[in-house]
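Right, one structure below, let's go through it.
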Amino acid sequence: MQVDLLIRHAAQVVTPRGRGPARGAAMGRLELIPDGAVAVRDGRIVAVGSTAAVEASISEAAEVFEARGQTVIPGLVDPHTHLVWAGDRVAEFEMRLKGATYLEILQAGGGILSTVRATRAASMEQLIAETRGRLDRMLLHGTTTAEAKTGYGLEWETERRLLDVLHQLNGLHPLDLVPTFLGAHAVPEEYRADPEAYVGRLIEEMLPAVAALRYPTDGPWHPPWADGRAAWFCDVFCERGAFDLAQTRRILEAARRLGFGLKVHADEFEPALGATPLAVSMGAISVDHLVSTPPEHLEILARSETIGVVLPGTPFGLGTGHYAPGRELIDRGGALALATDLNPGTSWCESMPMMMALATRYIKLTPAEALTAATLNAACAIGLGHEIGSLEPGKQADIVLVDAPDYRHLAYRYGINLVRTVIKRGRVVVRDGALQIPGG
């Protein structure tokens with residue numbers, strides 16, 4: 001067998017296994033291969049094992065990576081980001097340091113609505129330039145696939161422009177993007193006196209328009225699994241000051257009728273709204289945040305097929321010290337994934353290894369559970385567990401080489417970037433810590 005790429009003599013090749021999410025105790029079970037190797041052909045993994053075994057199975061390799069002293073892991077997957085926005089909210093960061101709460105800032109017209117104003121005013125060129133910089137930083141930190149939400153437009157013209165940005169970058173940048181429509185991110189200022197009218201517009205006009213919208217699937221980096229849909233998922237921010245439970249249900253029901261997969265921002269601040277049981281009952285692929293989820297709702301989630309996505313960068317960014325009960329979800333037998341919640345207000349962080357560092361310290365995940373949550377389970381939370389998230393023959397060759405002899409260093413060390421090499425669909429896109437892509 002001839003291969004395009006052989007990675008050999010790694011200190012460790014480490015990966016979860018499977019096409020579906022690991023649940024409960026299974027999240028801590030990784031395949032660990034010392035002196036490991038991975039072989040790639042036509043953008044797919046064709047062999048994984050010890051260097052001796054993999055070399056015995058091939059006749060020739062066009063390119064060979066000597067990975068001595070390094071750890072090889074699957075490409076990291078970020079299943080919850082608010083990737084496209086304009087401007088920043090550094091002034092609000094200082095306000096919070098002086099005691100203002102997130103909800104107080106939102107109710108005063110700041111927070112999400114501040115970014116909405118800046119994003120509505122931004123040109124397509126500005127949005128592409130700012131977003132591409134974030135994609136580059138994500139890739140440099142080992143993220144090879146990410147979910148990306150709209151939601152900083154809150155009216156059709158800008159929401160459409162955000163979708164345009166996502167699909168254009170999906171063809172031009174190696175980091176694969178899974179688009180989510182989040183028109184229900186907040187009630188825009190012009191509907192503050194009549195939020196029901198905005199819910200009606202979402203259901204009757206915006207969701208059908210997104211469902212009908214198609215994009216070309218060309219470009220040098222367009223994902224092979226993309227099908228031109230404008231958005232795979234519909235998400236709703238169910239929270240006091242955003243959308244209540246009844247409104248959330250109506251929006252999700254309309255989205256499901258139109259063929260969207262479902263996601264819900266649940267229990268970020270208020271535990272009594274019931275967003276998690278609602279999401280589970282409607283078959284949502286994930287519920288995200290879960291900071292205030294009560295035990296009885298956590299049990300419902302653990303017994304379901306819905307994946308809990310926790311975002312430790314958000315309470316860290318807010319300085320609350322109150323993190324999601326991810327340890328309890330795993331102990332109850334649930335499936336948990338990690339994400340950055342990349343956004344300008346609460347978690348401007350492009351690094352999934354930083355999320356692993358936070359999750360091990362404050363959510364009490366083991367390093368093995370954190371790696372599973374950032375790879376296989378994160379892939380399943382965006383419907384791609386059959387394609388990515390583990391190093392197994394047949395899966396897409398998204399591979400990261402870490403400058404450490406043990407995978408646990410990814411969570412153990414923080415404030416530095418240990419990622420040295422990133423391979424996307426069998427092509428080297430980061431080499432020796434530097435981008436290897438046009439415009440990078």
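Naming works like this for the structure tokens: A, B, ... for the chains as they're shown, residue 1 at the start of each chain, ligands 1 onward in shown order.
Taking segment 331-424 of chain A and asking which residues DSSP calls strand (DSSP E or B) on the backbone, you get Leu336, Ala337, Leu338, Leu342, Asn343, Ser347, Gln396, Ile399, Val400, Leu401, Val402, Val419, Arg420, Thr421, Val422, Ile423 and Lys424 of chain A.
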>> Show me, as a VMD selection string, the residues that have an atom within 10 Å of segment 335-338 of chain A when counting only C-alpha atoms, minus same-chain residues fewer than 3 positions from it.
In response: chain A and resid 20 to 27 77 to 80 286 to 289 301 to 313 326 to 327 329 to 332 341 352 355 to 356 359 369 to 381
Please produce a file of the residues just selected, as a PDB file, in the first residue's frame, where the atoms kept are C-alpha atoms.
```pdb
ATOM      1  CA  GLY A  20     -21.020   7.835  18.273  1.00  0.00           C
ATOM      2  CA  PRO A  21     -20.429   9.717  21.521  1.00  0.00           C
ATOM      3  CA  ALA A  22     -18.653   8.139  24.469  1.00  0.00           C
ATOM      4  CA  ARG A  23     -20.887   8.155  27.533  1.00  0.00           C
ATOM      5  CA  GLY A  24     -20.184   7.960  31.243  1.00  0.00           C
ATOM      6  CA  ALA A  25     -17.096   5.972  32.185  1.00  0.00           C
ATOM      7  CA  ALA A  26     -16.335   5.294  28.507  1.00  0.00           C
ATOM      8  CA  MET A  27     -15.258   8.925  28.166  1.00  0.00           C
ATOM      9  CA  VAL A  77     -13.436  20.062  17.362  1.00  0.00           C
ATOM     10  CA  ASP A  78     -15.124  23.187  18.745  1.00  0.00           C
ATOM     11  CA  PRO A  79     -18.913  22.590  18.768  1.00  0.00           C
ATOM     12  CA  HIS A  80     -20.108  26.012  20.013  1.00  0.00           C
ATOM     13  CA  SER A 286     -27.063  19.234  22.116  1.00  0.00           C
ATOM     14  CA  VAL A 287     -27.870  21.536  24.998  1.00  0.00           C
ATOM     15  CA  ASP A 288     -25.135  24.022  25.740  1.00  0.00           C
ATOM     16  CA  HIS A 289     -23.878  25.925  28.827  1.00  0.00           C
ATOM     17  CA  LEU A 301     -30.125  14.785  29.991  1.00  0.00           C
ATOM     18  CA  ALA A 302     -27.894  11.895  31.061  1.00  0.00           C
ATOM     19  CA  ARG A 303     -30.559   9.347  30.109  1.00  0.00           C
ATOM     20  CA  SER A 304     -31.126  10.895  26.673  1.00  0.00           C
ATOM     21  CA  GLU A 305     -29.312  10.895  23.341  1.00  0.00           C
ATOM     22  CA  THR A 306     -28.720  14.659  23.628  1.00  0.00           C
ATOM     23  CA  ILE A 307     -25.119  15.725  24.277  1.00  0.00           C
ATOM     24  CA  GLY A 308     -24.320  18.258  26.992  1.00  0.00           C
ATOM     25  CA  VAL A 309     -21.855  20.883  25.753  1.00  0.00           C
ATOM     26  CA  VAL A 310     -20.068  22.760  28.521  1.00  0.00           C
ATOM     27  CA  LEU A 311     -18.246  26.036  27.959  1.00  0.00           C
ATOM     28  CA  PRO A 312     -15.782  26.654  30.796  1.00  0.00           C
ATOM     29  CA  GLY A 313     -14.376  29.753  29.103  1.00  0.00           C
ATOM     30  CA  GLY A 326     -20.005  18.258  33.877  1.00  0.00           C
ATOM     31  CA  ARG A 327     -18.525  15.782  36.352  1.00  0.00           C
ATOM     32  CA  LEU A 329     -23.278  14.481  33.968  1.00  0.00           C
ATOM     33  CA  ILE A 330     -20.511  11.975  33.211  1.00  0.00           C
ATOM     34  CA  ASP A 331     -21.036  10.144  36.512  1.00  0.00           C
ATOM     35  CA  ARG A 332     -24.742   9.803  35.664  1.00  0.00           C
ATOM     36  CA  ASP A 341     -18.108  29.692  23.251  1.00  0.00           C
ATOM     37  CA  MET A 352      -9.565  24.367  22.834  1.00  0.00           C
ATOM     38  CA  MET A 355     -10.869  24.770  27.598  1.00  0.00           C
ATOM     39  CA  MET A 356      -9.351  21.377  28.479  1.00  0.00           C
ATOM     40  CA  ALA A 359     -12.373  21.664  32.471  1.00  0.00           C
ATOM     41  CA  GLU A 369     -12.270  12.711  29.503  1.00  0.00           C
ATOM     42  CA  ALA A 370     -11.267  16.214  28.439  1.00  0.00           C
ATOM     43  CA  LEU A 371      -9.630  14.900  25.263  1.00  0.00           C
ATOM     44  CA  THR A 372     -12.702  12.805  24.414  1.00  0.00           C
ATOM     45  CA  ALA A 373     -14.926  15.820  25.080  1.00  0.00           C
ATOM     46  CA  ALA A 374     -12.801  17.972  22.744  1.00  0.00           C
ATOM     47  CA  THR A 375     -12.650  15.425  19.905  1.00  0.00           C
ATOM     48  CA  LEU A 376     -15.118  12.564  19.439  1.00  0.00           C
ATOM     49  CA  ASN A 377     -17.971  13.894  21.588  1.00  0.00           C
ATOM     50  CA  ALA A 378     -17.545  17.393  20.189  1.00  0.00           C
ATOM     51  CA  ALA A 379     -17.757  15.946  16.677  1.00  0.00           C
ATOM     52  CA  CYS A 380     -20.949  14.091  17.601  1.00  0.00           C
ATOM     53  CA  ALA A 381     -22.432  17.329  18.991  1.00  0.00           C
TER      54      ALA A 381
END
```
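The shell of residues at most 10 Å from Tyr215 of chain A, with only C-alpha atoms counted and near chain neighbours (fewer than 5 positions) removed, consists of Leu163, Asp164, His167, Gln168, Ala226, Asp227, Gly228, Arg229 and Ala230 of chain A.
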>> Could you list, as a ChimeraX atom specification, every residue within 9 Å of Asp235 of chain A, counting only C-alpha atoms and ignoring same-chain residues fewer than 4 positions away?
In response: /A:149,180-185,251-252,261-265
Sort by chain and increasing residue number a table of all residues of segment 169-206 of chain A within 12 Å of segment 133-137 of chain A, each with its closest pair of atoms and their distance in Å to one decimal, counting only C-alpha atoms, and write it as a tab-separated table.
```
residue	atom	partner	partner_atom	distance
A:Leu169	CA	A:Leu135	CA	9.1
A:Asn170	CA	A:Leu135	CA	10.3
A:Leu172	CA	A:Leu135	CA	11.0
A:His173	CA	A:Leu135	CA	7.9
A:Pro174	CA	A:Leu135	CA	9.0
A:Leu175	CA	A:Leu135	CA	6.9
A:Asp176	CA	A:Leu135	CA	9.6
A:Leu177	CA	A:Leu135	CA	9.7
```
Output of the above residues as a compact mmCIF listing (two decimals), in the first residue's frame, restricted to all heavy atoms:
```
# COMPACT_ATOMS: atom_id res chain seq x y z
N LEU A 169 -15.92 31.65 3.77
CA LEU A 169 -14.72 31.18 4.47
C LEU A 169 -14.64 29.66 4.49
O LEU A 169 -13.53 29.10 4.52
CB LEU A 169 -14.71 31.74 5.89
CG LEU A 169 -14.37 33.23 5.98
CD1 LEU A 169 -14.57 33.74 7.40
CD2 LEU A 169 -12.94 33.49 5.51
N ASN A 170 -15.77 28.97 4.45
CA ASN A 170 -15.73 27.52 4.44
C ASN A 170 -15.06 26.99 3.17
O ASN A 170 -14.49 25.90 3.18
CB ASN A 170 -17.15 26.95 4.55
CG ASN A 170 -17.24 25.78 5.50
OD1 ASN A 170 -16.26 25.42 6.16
ND2 ASN A 170 -18.40 25.18 5.60
N LEU A 172 -12.64 28.82 1.58
CA LEU A 172 -11.33 29.44 1.44
C LEU A 172 -10.36 29.10 2.56
O LEU A 172 -9.16 29.38 2.43
CB LEU A 172 -11.49 30.97 1.37
CG LEU A 172 -12.29 31.50 0.17
CD1 LEU A 172 -12.45 33.01 0.27
CD2 LEU A 172 -11.61 31.12 -1.14
N HIS A 173 -10.86 28.55 3.66
CA HIS A 173 -10.01 28.28 4.83
C HIS A 173 -10.07 26.80 5.17
O HIS A 173 -11.13 26.17 5.08
CB HIS A 173 -10.49 29.11 6.02
CG HIS A 173 -9.48 29.23 7.12
ND1 HIS A 173 -9.26 28.22 8.04
CD2 HIS A 173 -8.63 30.24 7.44
CE1 HIS A 173 -8.32 28.61 8.88
NE2 HIS A 173 -7.92 29.83 8.55
N PRO A 174 -8.94 26.21 5.56
CA PRO A 174 -8.96 24.76 5.83
C PRO A 174 -9.78 24.33 7.03
O PRO A 174 -10.18 23.17 7.11
CB PRO A 174 -7.48 24.42 6.03
CG PRO A 174 -6.80 25.71 6.30
CD PRO A 174 -7.59 26.77 5.60
N LEU A 175 -10.03 25.23 7.99
CA LEU A 175 -10.83 24.84 9.14
C LEU A 175 -12.29 24.71 8.70
O LEU A 175 -12.88 25.66 8.22
CB LEU A 175 -10.69 25.89 10.25
CG LEU A 175 -11.15 25.48 11.65
CD1 LEU A 175 -10.39 26.27 12.72
CD2 LEU A 175 -12.64 25.67 11.84
N ASP A 176 -12.85 23.51 8.84
CA ASP A 176 -14.23 23.25 8.41
C ASP A 176 -15.22 23.88 9.37
O ASP A 176 -15.07 23.77 10.60
CB ASP A 176 -14.50 21.74 8.34
CG ASP A 176 -13.80 21.07 7.18
OD1 ASP A 176 -13.41 21.77 6.22
OD2 ASP A 176 -13.64 19.83 7.22
N LEU A 177 -16.26 24.51 8.82
CA LEU A 177 -17.28 25.18 9.61
C LEU A 177 -18.63 24.52 9.40
O LEU A 177 -19.03 24.24 8.27
CB LEU A 177 -17.38 26.65 9.22
CG LEU A 177 -16.13 27.50 9.48
CD1 LEU A 177 -16.31 28.90 8.94
CD2 LEU A 177 -15.79 27.54 10.97
```
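Among the candidate residues A:Gly171, A:Gly333, A:Pro353, A:Gly43, the one lying nearest to Pro367 of chain A is A:Pro353, with distances computed using only C-alpha atoms.
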> DSSP on the backbone: what in segment 2-203 of chain A comes out helix (DSSP H, G or I), as JSON, numbers by chain?
Replying inline: {"A": [24, 25, 26, 27, 28, 51, 52, 53, 54, 55, 56, 57, 90, 91, 92, 93, 94, 95, 96, 97, 102, 103, 104, 105, 106, 107, 112, 113, 114, 115, 116, 117, 118, 119, 120, 121, 124, 125, 126, 127, 128, 129, 130, 131, 132, 133, 134, 135, 136, 137, 138, 139, 140, 156, 157, 158, 159, 160, 161, 162, 163, 164, 165, 166, 167, 168, 169, 170, 171, 172, 189, 190, 191, 195, 196, 197, 198, 199, 200, 201, 202, 203]}
>> Residues near Phe65 of chain A, anyone? I mean within 7 Å using only C-alpha atoms, not counting same-chain ones fewer than 2 positions away, as a ChimeraX atom specification.
In response: /A:6-8,63,67
Would you mind exporting the chosen residues as a PDB file, in the first residue's frame, restricted to all heavy atoms?
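Written file, out_37.pdb:
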```pdb
ATOM      1  N   LEU A   6       3.037   9.577   6.134  1.00  0.00           N
ATOM      2  CA  LEU A   6       3.274   8.661   7.253  1.00  0.00           C
ATOM      3  C   LEU A   6       3.817   9.460   8.425  1.00  0.00           C
ATOM      4  O   LEU A   6       4.845  10.134   8.308  1.00  0.00           O
ATOM      5  CB  LEU A   6       4.273   7.569   6.859  1.00  0.00           C
ATOM      6  CG  LEU A   6       4.747   6.652   8.001  1.00  0.00           C
ATOM      7  CD1 LEU A   6       3.588   5.828   8.557  1.00  0.00           C
ATOM      8  CD2 LEU A   6       5.892   5.754   7.538  1.00  0.00           C
ATOM      9  N   ILE A   7       3.126   9.401   9.549  1.00  0.00           N
ATOM     10  CA  ILE A   7       3.605   9.965  10.812  1.00  0.00           C
ATOM     11  C   ILE A   7       4.090   8.792  11.644  1.00  0.00           C
ATOM     12  O   ILE A   7       3.334   7.849  11.901  1.00  0.00           O
ATOM     13  CB  ILE A   7       2.479  10.712  11.548  1.00  0.00           C
ATOM     14  CG1 ILE A   7       1.890  11.806  10.663  1.00  0.00           C
ATOM     15  CG2 ILE A   7       2.985  11.304  12.855  1.00  0.00           C
ATOM     16  CD1 ILE A   7       0.554  12.336  11.159  1.00  0.00           C
ATOM     17  N   ARG A   8       5.334   8.809  12.068  1.00  0.00           N
ATOM     18  CA  ARG A   8       5.867   7.623  12.740  1.00  0.00           C
ATOM     19  C   ARG A   8       6.707   8.005  13.962  1.00  0.00           C
ATOM     20  O   ARG A   8       7.111   9.151  14.135  1.00  0.00           O
ATOM     21  CB  ARG A   8       6.697   6.793  11.772  1.00  0.00           C
ATOM     22  CG  ARG A   8       7.969   7.449  11.292  1.00  0.00           C
ATOM     23  CD  ARG A   8       8.676   6.586  10.262  1.00  0.00           C
ATOM     24  NE  ARG A   8       9.930   7.196   9.815  1.00  0.00           N
ATOM     25  CZ  ARG A   8      10.704   6.702   8.856  1.00  0.00           C
ATOM     26  NH1 ARG A   8      10.348   5.570   8.234  1.00  0.00           N
ATOM     27  NH2 ARG A   8      11.840   7.309   8.513  1.00  0.00           N
ATOM     28  N   GLU A  63       5.449  11.464   1.930  1.00  0.00           N
ATOM     29  CA  GLU A  63       5.995  12.356   2.937  1.00  0.00           C
ATOM     30  C   GLU A  63       6.010  11.643   4.274  1.00  0.00           C
ATOM     31  O   GLU A  63       5.054  10.939   4.621  1.00  0.00           O
ATOM     32  CB  GLU A  63       5.174  13.640   3.037  1.00  0.00           C
ATOM     33  CG  GLU A  63       5.747  14.664   4.007  1.00  0.00           C
ATOM     34  CD  GLU A  63       5.003  15.999   4.000  1.00  0.00           C
ATOM     35  OE1 GLU A  63       3.924  16.077   3.387  1.00  0.00           O
ATOM     36  OE2 GLU A  63       5.505  16.963   4.620  1.00  0.00           O
ATOM     37  N   ALA A  67       7.952  11.938  14.426  1.00  0.00           N
ATOM     38  CA  ALA A  67       7.244  12.557  15.547  1.00  0.00           C
ATOM     39  C   ALA A  67       7.853  12.180  16.892  1.00  0.00           C
ATOM     40  O   ALA A  67       7.152  12.172  17.909  1.00  0.00           O
ATOM     41  CB  ALA A  67       5.774  12.160  15.506  1.00  0.00           C
TER      42      ALA A  67
END
```
>> For Asp4 of chain A, find every residue with an atom within 10 Å (counting only C-alpha atoms), except residues of its own chain fewer than 4 positions away, and show them as a VMD selection string.
In response: chain A and resid 39 to 44 60 to 64 426 to 427
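What separates atom CA of Ala10 of chain A from atom CA of Ile382 of chain A is a distance of 29.4 Å.
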> Do you know which residues are at most 10 Å from Asn343 of chain A counting only C-alpha atoms, after dropping those on the same chain fewer than 2 positions away, and could you put them as a PyMOL selection string?
Replying inline: chain A and resi 80-85+88-89+112+115+314+340-341+345-350
Mind writing the picked residues with all heavy atoms as a compact mmCIF listing (two decimals), in the first residue's frame?
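File produced: part.txt:
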```
# COMPACT_ATOMS: atom_id res chain seq x y z
N HIS A 80 -19.27 24.86 19.64
CA HIS A 80 -20.11 26.01 20.01
C HIS A 80 -19.26 27.27 19.92
O HIS A 80 -18.47 27.57 20.81
CB HIS A 80 -20.66 25.84 21.44
CG HIS A 80 -21.58 26.92 21.88
ND1 HIS A 80 -22.85 26.67 22.37
CD2 HIS A 80 -21.43 28.28 21.96
CE1 HIS A 80 -23.44 27.81 22.71
NE2 HIS A 80 -22.58 28.80 22.47
N THR A 81 -19.44 28.03 18.83
CA THR A 81 -18.77 29.32 18.70
C THR A 81 -19.74 30.35 18.12
O THR A 81 -20.68 30.01 17.40
CB THR A 81 -17.53 29.27 17.78
OG1 THR A 81 -17.94 29.34 16.40
CG2 THR A 81 -16.70 28.02 18.01
N HIS A 82 -19.48 31.61 18.45
CA HIS A 82 -20.17 32.75 17.85
C HIS A 82 -19.13 33.47 16.99
O HIS A 82 -18.71 34.59 17.29
CB HIS A 82 -20.74 33.65 18.93
CG HIS A 82 -21.72 32.97 19.83
ND1 HIS A 82 -23.08 33.07 19.66
CD2 HIS A 82 -21.53 32.16 20.92
CE1 HIS A 82 -23.70 32.36 20.60
NE2 HIS A 82 -22.78 31.79 21.37
N LEU A 83 -18.71 32.84 15.93
CA LEU A 83 -17.46 33.15 15.24
C LEU A 83 -17.46 34.50 14.55
O LEU A 83 -16.43 35.18 14.51
CB LEU A 83 -17.19 32.04 14.21
CG LEU A 83 -15.92 32.15 13.39
CD1 LEU A 83 -14.69 32.01 14.28
CD2 LEU A 83 -15.91 31.07 12.30
N VAL A 84 -18.59 34.91 13.99
CA VAL A 84 -18.60 36.09 13.12
C VAL A 84 -19.19 37.29 13.86
O VAL A 84 -20.37 37.28 14.23
CB VAL A 84 -19.43 35.83 11.84
CG1 VAL A 84 -19.25 37.00 10.87
CG2 VAL A 84 -19.01 34.54 11.17
N TRP A 85 -18.37 38.29 14.08
CA TRP A 85 -18.84 39.54 14.68
C TRP A 85 -17.86 40.65 14.31
O TRP A 85 -16.78 40.39 13.78
CB TRP A 85 -18.96 39.43 16.20
CG TRP A 85 -17.66 39.48 16.95
CD1 TRP A 85 -16.96 40.60 17.29
CD2 TRP A 85 -16.91 38.37 17.47
NE1 TRP A 85 -15.81 40.26 17.99
CE2 TRP A 85 -15.77 38.90 18.11
CE3 TRP A 85 -17.09 36.99 17.47
CZ2 TRP A 85 -14.81 38.09 18.73
CZ3 TRP A 85 -16.14 36.19 18.08
CH2 TRP A 85 -15.02 36.73 18.70
N ASP A 88 -15.44 44.92 19.50
CA ASP A 88 -15.12 44.25 20.76
C ASP A 88 -16.02 44.82 21.86
O ASP A 88 -16.80 45.74 21.62
CB ASP A 88 -13.65 44.41 21.12
CG ASP A 88 -13.24 45.86 21.34
OD1 ASP A 88 -13.87 46.56 22.16
OD2 ASP A 88 -12.30 46.32 20.67
N ARG A 89 -15.90 44.24 23.05
CA ARG A 89 -16.67 44.74 24.20
C ARG A 89 -15.75 44.90 25.41
O ARG A 89 -16.09 44.53 26.54
CB ARG A 89 -17.84 43.80 24.51
CG ARG A 89 -18.78 43.61 23.33
CD ARG A 89 -20.23 43.48 23.70
NE ARG A 89 -20.57 42.39 24.57
CZ ARG A 89 -21.04 41.20 24.17
NH1 ARG A 89 -21.19 40.94 22.87
NH2 ARG A 89 -21.37 40.28 25.05
N ILE A 112 -24.92 41.51 24.01
CA ILE A 112 -25.18 41.04 22.65
C ILE A 112 -25.62 42.20 21.76
O ILE A 112 -25.19 42.32 20.60
CB ILE A 112 -26.25 39.93 22.68
CG1 ILE A 112 -25.69 38.68 23.38
CG2 ILE A 112 -26.72 39.58 21.27
CD1 ILE A 112 -26.76 37.65 23.70
N THR A 115 -22.84 44.29 20.29
CA THR A 115 -22.19 43.64 19.15
C THR A 115 -23.09 43.63 17.93
O THR A 115 -22.61 43.72 16.79
CB THR A 115 -21.76 42.22 19.53
OG1 THR A 115 -20.83 42.29 20.63
CG2 THR A 115 -21.08 41.51 18.37
N THR A 314 -16.63 30.56 29.52
CA THR A 314 -17.62 31.60 29.81
C THR A 314 -17.65 31.98 31.28
O THR A 314 -17.51 33.16 31.62
CB THR A 314 -19.00 31.18 29.29
OG1 THR A 314 -18.89 30.86 27.91
CG2 THR A 314 -20.02 32.28 29.49
N THR A 340 -15.46 26.33 23.16
CA THR A 340 -14.90 27.60 23.64
C THR A 340 -15.97 28.65 23.93
O THR A 340 -15.72 29.57 24.70
CB THR A 340 -13.95 28.21 22.60
OG1 THR A 340 -14.68 28.48 21.38
CG2 THR A 340 -12.76 27.31 22.32
N ASP A 341 -17.14 28.59 23.24
CA ASP A 341 -18.11 29.69 23.25
C ASP A 341 -17.48 30.97 22.71
O ASP A 341 -17.84 32.07 23.12
CB ASP A 341 -18.67 29.93 24.65
CG ASP A 341 -19.93 30.81 24.66
OD1 ASP A 341 -20.59 30.89 23.61
OD2 ASP A 341 -20.25 31.40 25.71
N GLY A 345 -17.95 38.94 24.12
CA GLY A 345 -18.39 39.46 25.41
C GLY A 345 -17.92 38.68 26.62
O GLY A 345 -17.57 39.28 27.64
N THR A 346 -17.92 37.37 26.51
CA THR A 346 -17.66 36.56 27.70
C THR A 346 -16.52 35.56 27.53
O THR A 346 -15.98 35.08 28.53
CB THR A 346 -18.92 35.77 28.10
OG1 THR A 346 -19.31 34.92 27.02
CG2 THR A 346 -20.07 36.72 28.43
N SER A 347 -16.15 35.21 26.29
CA SER A 347 -15.12 34.18 26.11
C SER A 347 -14.40 34.39 24.78
O SER A 347 -14.55 33.59 23.85
CB SER A 347 -15.75 32.78 26.17
OG SER A 347 -14.76 31.77 26.10
N TRP A 348 -13.60 35.43 24.70
CA TRP A 348 -12.82 35.62 23.48
C TRP A 348 -11.57 34.76 23.60
O TRP A 348 -10.50 35.21 24.00
CB TRP A 348 -12.48 37.09 23.28
CG TRP A 348 -11.95 37.38 21.89
CD1 TRP A 348 -11.28 36.54 21.07
CD2 TRP A 348 -12.09 38.61 21.17
NE1 TRP A 348 -10.98 37.14 19.88
CE2 TRP A 348 -11.46 38.43 19.91
CE3 TRP A 348 -12.65 39.84 21.45
CZ2 TRP A 348 -11.38 39.43 18.95
CZ3 TRP A 348 -12.58 40.84 20.50
CH2 TRP A 348 -11.96 40.64 19.27
N CYS A 349 -11.72 33.52 23.28
CA CYS A 349 -10.62 32.55 23.38
C CYS A 349 -10.75 31.55 22.24
O CYS A 349 -11.78 30.89 22.10
CB CYS A 349 -10.64 31.84 24.72
SG CYS A 349 -9.32 30.61 24.91
N GLU A 350 -9.72 31.43 21.42
CA GLU A 350 -9.74 30.53 20.28
C GLU A 350 -9.10 29.17 20.59
O GLU A 350 -8.92 28.35 19.69
CB GLU A 350 -9.00 31.17 19.10
CG GLU A 350 -9.72 32.37 18.49
CD GLU A 350 -9.24 33.71 19.02
OE1 GLU A 350 -8.64 33.73 20.11
OE2 GLU A 350 -9.47 34.74 18.35
```
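Nearest residue to Ile128 of chain A among A:Ala339, A:Ala197, A:Leu32, A:Val165 is A:Val165, counting only C-alpha atoms.
With atom CA of Val178 of chain A on one side and atom CA of Leu298 of chain A on the other, the separation reads 26.5 Å.
The shortest atom-to-atom distance to Glu268 of chain A, with only C-alpha atoms taken into account, belongs to A:Ser292 out of A:Thr51, A:Thr145, A:Ser292, A:Thr248.
Computed from the coordinates, the atom CA of Pro438 of chain A to atom CA of Leu139 of chain A distance equals 13.6 Å.
When only C-alpha atoms are used to compute distances to Arg29 of chain A, the closest of the residues A:Gly110, A:Pro16, A:Pro195, A:Gly383 turns out to be A:Pro16.
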